[in-house]
Every structure is written in C-alpha cells, then in structure tokens.
Amino acid sequence: MALSGCSRWRIRQGYLLGLFYTIGLLSFTCIIVIWYGVNTDRDYIHPLLTQLIPAGHCACQTSTTFQCSSCLTCSHPDLVQQRTPAPAWKFQPARDGSNEGLDRGQCMAAFPGLFEDVLRATTFWKSQGALAIEDLDEIPLRYGMARAFIHDGELYVAAARSKGEDHRRKIVAVLSAIHRALVADTNRAMRQNIEFVFSVEDKVEDVTSSDHPIWVLARSATEEAVWLMPDFGFWAWENIQNSLGPYDQVVERIKRTDVPWSQKKQELVWRGKPSFAPKLRRALMEAARDQPWGNVKQVNWDQRTNIIRMEDHCQYMFIAHVEGRSYSASLKYRQACNSVIVQNYVEVERDFSDLEDKLEPLLADPSLAERIANNSVRTFRDRYLTKAAEACYWRMLFEGYGSVWNSSISVWSEVHRRERGLRYESFLLMDSRLMFEFDALRLTH
Ligand SMILES: *[C@@H]1O[C@H](CO)[C@@H](O)[C@H](O)[C@H]1NC(C)=O
Ligand SMILES: *[C@@H]1O[C@H](CO)[C@@H](O)[C@H](O)[C@H]1NC(C)=O
C-alpha cells in the first residue's frame, strides 16, 4: 500500500519530534552533569567531567604586569635618588617592619616598586585633567562601598553601605587601616585634604564601571581610572566562619610554630573548596592524587572536615596556590610560611599538568627548595607585607591622589546646616546596625 503524502509527512514529523526530544533530553542531562561538576565539593569526580567543565576567565590574562623600570631589582632610580634624604638608611626587618611611621624617603628606599600603581593612576588622572567633588558625586554608592574624606589630617566618614556583616567588617577594617597610616605620620595636619570612595568587593565590575576614580582591592590592566589600595586583611580579617586576625599576628603565630626546614613534611598541601574555580582546583586534586607527596583535599566547612589552620600549612615544605575569582587575599598568608609556594614561585601550568615534573627535582634536592622558601620570606613576609610597607603605601596613595585632587573640602555643609562627615573615632563607636546604611547628612543625633 502506498502511503499518501500526508501520512508520509506524519511519519517524518513523528521522527523529527523523536529526534527533538532525544536531543533535548541529552542536552538536559549534559547540563545537569556539568552543573554537578561545577558545583559539587566531592573529593572525586570523573576526570572526563573535569575536562568538560569550563575553566572560566583566567584572571592572569587581564592582570597588570609592571614594566621593568619599576621592578624589585631595578627600581625607579630617579625617584629613589631625588627624594631620599638619607641614602645611608637601610630597611632592617626586625627594627623597621612594624614601624608605621617611616618617612617618605625611607618608604622609597625600603620598598622599591611598591608604589607603582599609585604613580600609574596619578599619571592617568593628570592626563584627564584633575579630580573634583563632582566626580565622586557621580558614583552610585553600592553595597560594599564607602565615601570618606581627610581634612586637616583627620579622617571623616561621609557615607557607607553594607549588605551584611562581611561588608561592614571589611569597610571598618579599611577605614581603620587608613586611620593608622594617618596618625603614624607626624606631618599629618600638613597633608592635602582629599575625598574618596572605596569598595571592598573583589572586582571593580561587582560595584561600578571602571571609569570612576574609586579605590579598589584589584584591577585589571584596562581598568585605568581606579586606584589600588591595600587589602583589609592587613588590619584584620574577621571572617564569620574563620577568624584570622591582623596579618602581622598571623605572622607571629606562624613564627612561633614554624618548624626547621629539615623537619617539614615533604608534601604539597592544599585545602579549599573545589566548587570555587572547579576546573583548576580539580586539576590540582587530580595531579596530586595518589602521589606520595600529595596532600590536597577539599574542605567541608559544614562538617568541619579536612580543615587545617593557617599556621599549620607551614608544617609542609610545599604549599599550593590556586586561582580564585580576583586578586588573592590568601596568598599573603601562605607567604608567611617558610615554605615553597607552588604556583607563583615554583610556577606550574594553569592546569597543573606539569606538577609532578616541577616537584620531583625539589623533592630530590630540598636545599634548592629551601633557598626558594628563604627568598620568599625575605622578600615578602619580612619586607613587602609588613605593617611598615602597608602604611607607606597608604600615605603614598593619599599623596598621589592628592596631587590630582582639585576641590576644596569643608567639614561643614552650608546647604544642609550640618557636618558632612562623622569622625572615624565616632563612627567606630556607633551601633553596628547603624553602619549598614550610613549617611552623615541624614544622621540624627
Ligand atoms: C581646578 O579647579 C579650578 C577651579 O575650579 C579650575 O579653574 C582649574 O581649571 C582646575 N584644574 C584642573 C587641572 O582641572
Ligand atoms: C635559609 O635560611 C636559614 C635561616 O636564616 C639558614 O639557616 C639557611 O642556611 C638558609 N638556607 C639556604 C639554602 O639558603
């Protein structure tokens, strides 16, 4: 029997519909499986799945690379020579590391290269004209941001917005760090008045467009208008789950418990959540799995399994460091250990494919590894990550920003018939709930 054109069409239609459902079902399953691969915190998932899940943007591809004119070993010769009043002065970690009041010349001599981004932003804004109050008025103040000003050497908070405790604590920590860098300066009343907006979010795009002159924790190479500021963790990182305290106290704890090199475990340690940058973290877990030197595990904060304290990471010769979302707040804690950081100091491929090849020679010759660890401590923990360096950076930021700031700042608002800002000292003592949506002009005393 010959099929009529109509029923032939119906069969083809049925066939197409079937195909459609099959493809639909397959895609759905695929999405579920990939979603699972990205979000699970299980120790093991099939390597094929690790291949499938996307790696996401590499923060390193958009990161800022400094030119050699400003690197650690060949610092800006002009800057140091012109402005160093006492060339004989040399930074000594034990004596000067905690000194928040180094003068300008000492700061320049002690930390070549550290102020690079301040110079960059200053040059950028000079080419744009200058900065004024109106530029700040255009910035919508989102959660995680605050507006403050320095007037006659005193710090005032104009406004602050927090979505939760985490924002509030970070904002208070940043303000406190600014205050500390200010009061350590004997010339602070002579400083130029400035007003500024800062954000405690990981990325500029989390809060605003990159055309605004805000102070941020991280920037990509194309975000030229923003100014880099030091991390809040130098003051203290009081995570809700995990209280770390001031950075220099973490360092003290580590120095107290750190073991001699020969007693360190010849293992590579890492703890974290695989679901945070899953492709890369899973790649590390795979590269270290079943290796005699592998000590790489996923942390479960709810069940409190596999957690090791910051200072206990130092018991290991090798500490892995993996990409996250933005800049790394945790790297400096790893750098506090006299251990070898695997990624930035022993550089490995982004997917850890050469991890074994890179570690074997160091395991075979621990004195080579010890030299890397020693260099890391000398350069970072004992120099560029000290309170002295942090305070120097803050003051250099005030100065660079101040050199392009072109508005007068008054404490008193004629329009509102009240003070435009609350002194930092008073802000700190305020009921913490009032800090969440704070605006000095709407404050009721
Ligand atoms: C600074 O402000 C003054 C007064 O408003 C203005 O005349 C001048 O052009 C500004 N300077 C720059 C570099 O924008
Ligand atoms: C590393 O530093 C320690 C302590 O300063 C020192 O005793 C040791 O010789 C150094 N090791 C190497 C390989 O440089």
# chains A, B, ... in the order shown; residues from 1 in each chain; ligands from 1
$ residues_near_ligand --ligand "ligand 2" --cutoff "8 Å" --atoms "only C-alpha atoms and all ligand atoms" --output "list in words"
Ser367, Leu368, Ala369, Glu370, Arg371, Ile372, Ala373 and Asn374 of chain A
$ residues_around --residues "A:Trp227" --least-positions-apart "5" --cutoff "7 Å" --atoms "only C-alpha atoms" --output "number ranges by chain"
A: 118, 121, 213-216
$ residues_near_ligand --ligand "ligand 1" --cutoff "10 Å" --atoms "only C-alpha atoms and all ligand atoms" --output "PyMOL selection string"
chain A and resi 125-132+404-408
$ residues_around --residues "stretch 95-98 of chain A" --least-positions-apart "3" --cutoff "9 Å" --atoms "only C-alpha atoms" --output "list in words"
Phe91, Gln92, Gly101, Leu102, Asp248, Asp382, Arg383, Leu385, Thr386, Lys387, Ala388 and Ala389 of chain A
$ select_by_dssp --residues "stretch 115-164 of chain A" --states "strand (DSSP E or B)" --output "PyMOL selection string"
chain A and resi 131+145-151+154-161
$ closest_residue --among "A:Met145, A:Ala173, A:Cys392, A:Leu422" --to "A:Arg442" --atoms "only C-alpha atoms"
A:Leu422
$ select_by_dssp --residues "stretch 293-382 of chain A" --states "helix (DSSP H, G or I)" --output "NGL selection string"
:A and (310-315 or 331-334 or 355-364 or 366-382)
$ write_last_selection --atoms "C-alpha atoms" --output "compact mmCIF listing (two decimals), in the first residue's frame"
# COMPACT_ATOMS: atom_id res chain seq x y z
CA MET A 310 46.61 28.81 58.54
CA GLU A 311 49.73 28.36 60.65
CA ASP A 312 49.68 24.57 60.25
CA HIS A 313 50.19 24.91 56.49
CA CYS A 314 53.77 25.84 57.38
CA GLN A 315 54.46 22.30 58.56
CA LEU A 331 48.38 34.35 49.13
CA LYS A 332 49.96 36.57 51.75
CA TYR A 333 49.08 34.04 54.48
CA ARG A 334 50.82 31.28 52.51
CA LEU A 355 53.08 19.50 38.72
CA GLU A 356 54.93 16.20 39.10
CA ASP A 357 57.80 17.29 36.82
CA LYS A 358 58.22 20.52 38.75
CA LEU A 359 58.09 18.98 42.21
CA GLU A 360 60.31 15.92 41.73
CA PRO A 361 63.61 17.88 41.41
CA LEU A 362 62.75 19.90 44.50
CA LEU A 363 61.92 16.78 46.50
CA ALA A 364 65.22 15.29 45.39
CA PRO A 366 65.49 20.00 49.49
CA SER A 367 68.23 22.64 49.82
CA LEU A 368 67.15 24.10 46.47
CA ALA A 369 63.60 24.25 47.77
CA GLU A 370 64.87 25.81 50.99
CA ARG A 371 66.51 28.59 49.04
CA ILE A 372 63.20 29.40 47.33
CA ALA A 373 61.44 29.43 50.71
CA ASN A 374 64.10 31.70 52.20
CA ASN A 375 63.84 34.15 49.30
CA SER A 376 60.08 34.24 49.64
CA VAL A 377 60.21 35.06 53.35
CA ARG A 378 62.91 37.69 52.91
CA THR A 379 61.11 39.46 50.07
CA PHE A 380 57.50 39.20 51.11
CA ARG A 381 56.85 38.37 54.75
CA ASP A 382 59.76 40.36 56.12
$ closest_atom_pairs --of "stretch 227-284 of chain A" --to "stretch 37-53 of chain A" --cutoff "6 Å" --atoms "only C-alpha atoms" --output "JSON lines"
{"residue": "A:Pro274", "atom": "CA", "partner": "A:Asp41", "partner_atom": "CA", "distance": 5.5}
{"residue": "A:Ser275", "atom": "CA", "partner": "A:Asn39", "partner_atom": "CA", "distance": 4.8}
{"residue": "A:Pro278", "atom": "CA", "partner": "A:Val38", "partner_atom": "CA", "distance": 5.6}
{"residue": "A:Lys279", "atom": "CA", "partner": "A:Thr50", "partner_atom": "CA", "distance": 5.8}
$ write_last_selection --atoms "C-alpha atoms" --output "PDB file, in the first residue's frame"
ATOM      1  CA  PRO A 274      36.669  22.604  44.663  1.00  0.00           C
ATOM      2  CA  SER A 275      33.426  24.293  43.556  1.00  0.00           C
ATOM      3  CA  PRO A 278      36.300  23.989  39.820  1.00  0.00           C
ATOM      4  CA  LYS A 279      38.239  23.150  36.674  1.00  0.00           C
TER       5      LYS A 279
END
$ atom_distance --atom1 "atom CA of A:Ile409" --atom2 "atom CA of A:Ile194"
7.0 Å
$ closest_residue --among "A:Phe149, A:Tyr393, A:Phe124, A:Tyr424" --to "A:Thr222" --atoms "only C-alpha atoms"
A:Phe124
$ closest_residue --among "A:Met396, A:Ala158, A:Met317, A:Gln249" --to "A:Asp365" --atoms "only C-alpha atoms"
A:Met317
$ atom_distance --atom1 "atom CA of A:Glu238" --atom2 "atom CA of A:Arg309"
14.4 Å
$ closest_residue --among "A:Lys264, A:Arg395, A:Arg168, A:His416" --to "A:Asp103" --atoms "only C-alpha atoms"
A:Arg395
$ closest_residue --among "A:Ser328, A:Ser27, A:Ser199, A:Thr186" --to "A:Val172" --atoms "only C-alpha atoms"
A:Ser199
$ decode --residues "stretch 257-297 of chain A" --atoms "N, CA and C atoms" --output "compact mmCIF listing (two decimals), in the first residue's frame"
# COMPACT_ATOMS: atom_id res chain seq x y z
N THR A 257 55.29 28.76 65.63
CA THR A 257 55.06 27.34 65.43
C THR A 257 55.83 26.75 64.26
N ASP A 258 56.47 27.63 63.47
CA ASP A 258 57.16 27.13 62.28
C ASP A 258 58.29 26.18 62.70
N VAL A 259 58.44 25.08 61.95
CA VAL A 259 59.47 24.10 62.29
C VAL A 259 60.68 24.29 61.38
N PRO A 260 61.87 23.83 61.82
CA PRO A 260 63.05 23.93 60.95
C PRO A 260 62.80 23.18 59.63
N TRP A 261 63.47 23.65 58.60
CA TRP A 261 63.26 23.12 57.26
C TRP A 261 63.34 21.59 57.22
N SER A 262 64.36 21.05 57.92
CA SER A 262 64.59 19.60 57.84
C SER A 262 63.44 18.80 58.45
N GLN A 263 62.63 19.49 59.32
CA GLN A 263 61.52 18.75 59.94
C GLN A 263 60.20 18.90 59.19
N LYS A 264 60.20 19.69 58.12
CA LYS A 264 58.95 19.89 57.39
C LYS A 264 58.59 18.63 56.61
N LYS A 265 57.29 18.40 56.48
CA LYS A 265 56.83 17.24 55.71
C LYS A 265 57.09 17.49 54.24
N GLN A 266 57.65 16.49 53.57
CA GLN A 266 57.96 16.64 52.15
C GLN A 266 56.70 16.38 51.33
N GLU A 267 55.72 17.25 51.55
CA GLU A 267 54.44 17.09 50.86
C GLU A 267 53.97 18.43 50.34
N LEU A 268 53.04 18.35 49.37
CA LEU A 268 52.39 19.54 48.84
C LEU A 268 51.01 19.63 49.48
N VAL A 269 50.78 20.71 50.23
CA VAL A 269 49.50 20.82 50.94
C VAL A 269 48.59 21.83 50.24
N TRP A 270 47.30 21.53 50.25
CA TRP A 270 46.29 22.49 49.78
C TRP A 270 44.94 22.10 50.38
N ARG A 271 44.21 23.09 50.87
CA ARG A 271 42.85 22.87 51.35
C ARG A 271 41.96 23.93 50.74
N GLY A 272 40.77 23.53 50.30
CA GLY A 272 39.87 24.54 49.75
C GLY A 272 38.61 23.92 49.23
N LYS A 273 37.78 24.77 48.64
CA LYS A 273 36.51 24.30 48.08
C LYS A 273 36.68 24.08 46.58
N PRO A 274 36.50 22.86 46.09
CA PRO A 274 36.67 22.60 44.66
C PRO A 274 35.65 23.38 43.81
N SER A 275 34.47 23.66 44.36
CA SER A 275 33.43 24.29 43.56
C SER A 275 33.73 25.76 43.25
N PHE A 276 34.78 26.28 43.82
CA PHE A 276 35.20 27.66 43.59
C PHE A 276 36.33 27.57 42.55
N ALA A 277 36.11 27.96 41.31
CA ALA A 277 37.06 27.72 40.21
C ALA A 277 37.30 26.22 40.03
N PRO A 278 36.23 25.44 39.75
CA PRO A 278 36.30 23.99 39.82
C PRO A 278 37.28 23.34 38.85
N LYS A 279 37.38 23.85 37.63
CA LYS A 279 38.24 23.15 36.67
C LYS A 279 39.69 23.14 37.16
N LEU A 280 40.16 24.29 37.64
CA LEU A 280 41.55 24.41 38.02
C LEU A 280 41.83 23.69 39.34
N ARG A 281 40.88 23.82 40.27
CA ARG A 281 41.09 23.16 41.57
C ARG A 281 41.02 21.65 41.42
N ARG A 282 40.10 21.20 40.57
CA ARG A 282 40.01 19.75 40.35
C ARG A 282 41.26 19.24 39.65
N ALA A 283 41.82 20.06 38.76
CA ALA A 283 43.04 19.66 38.06
C ALA A 283 44.17 19.47 39.08
N LEU A 284 44.24 20.36 40.04
CA LEU A 284 45.26 20.22 41.09
C LEU A 284 45.02 18.94 41.89
N MET A 285 43.75 18.70 42.25
CA MET A 285 43.43 17.50 43.02
C MET A 285 43.82 16.23 42.25
N GLU A 286 43.57 16.25 40.94
CA GLU A 286 43.93 15.09 40.12
C GLU A 286 45.44 14.93 40.02
N ALA A 287 46.16 16.05 39.82
CA ALA A 287 47.61 15.98 39.64
C ALA A 287 48.31 15.46 40.90
N ALA A 288 47.68 15.67 42.05
CA ALA A 288 48.33 15.27 43.31
C ALA A 288 47.79 13.94 43.85
N ARG A 289 46.71 13.44 43.24
CA ARG A 289 46.06 12.23 43.76
C ARG A 289 47.01 11.03 43.70
N ASP A 290 47.07 10.28 44.78
CA ASP A 290 47.88 9.06 44.88
C ASP A 290 49.39 9.29 44.77
N GLN A 291 49.83 10.55 44.79
CA GLN A 291 51.27 10.81 44.80
C GLN A 291 51.74 10.72 46.25
N PRO A 292 52.97 10.21 46.46
CA PRO A 292 53.46 10.14 47.84
C PRO A 292 53.57 11.51 48.49
N TRP A 293 53.74 12.56 47.65
CA TRP A 293 53.88 13.91 48.19
C TRP A 293 52.56 14.68 48.19
N GLY A 294 51.49 14.06 47.74
CA GLY A 294 50.21 14.77 47.60
C GLY A 294 49.43 14.85 48.91
N ASN A 295 49.07 16.07 49.32
CA ASN A 295 48.21 16.25 50.50
C ASN A 295 47.21 17.35 50.16
N VAL A 296 46.40 17.05 49.15
CA VAL A 296 45.48 18.04 48.58
C VAL A 296 44.06 17.56 48.84
N LYS A 297 43.30 18.32 49.61
CA LYS A 297 41.96 17.86 49.99
C LYS A 297 40.94 18.98 49.95
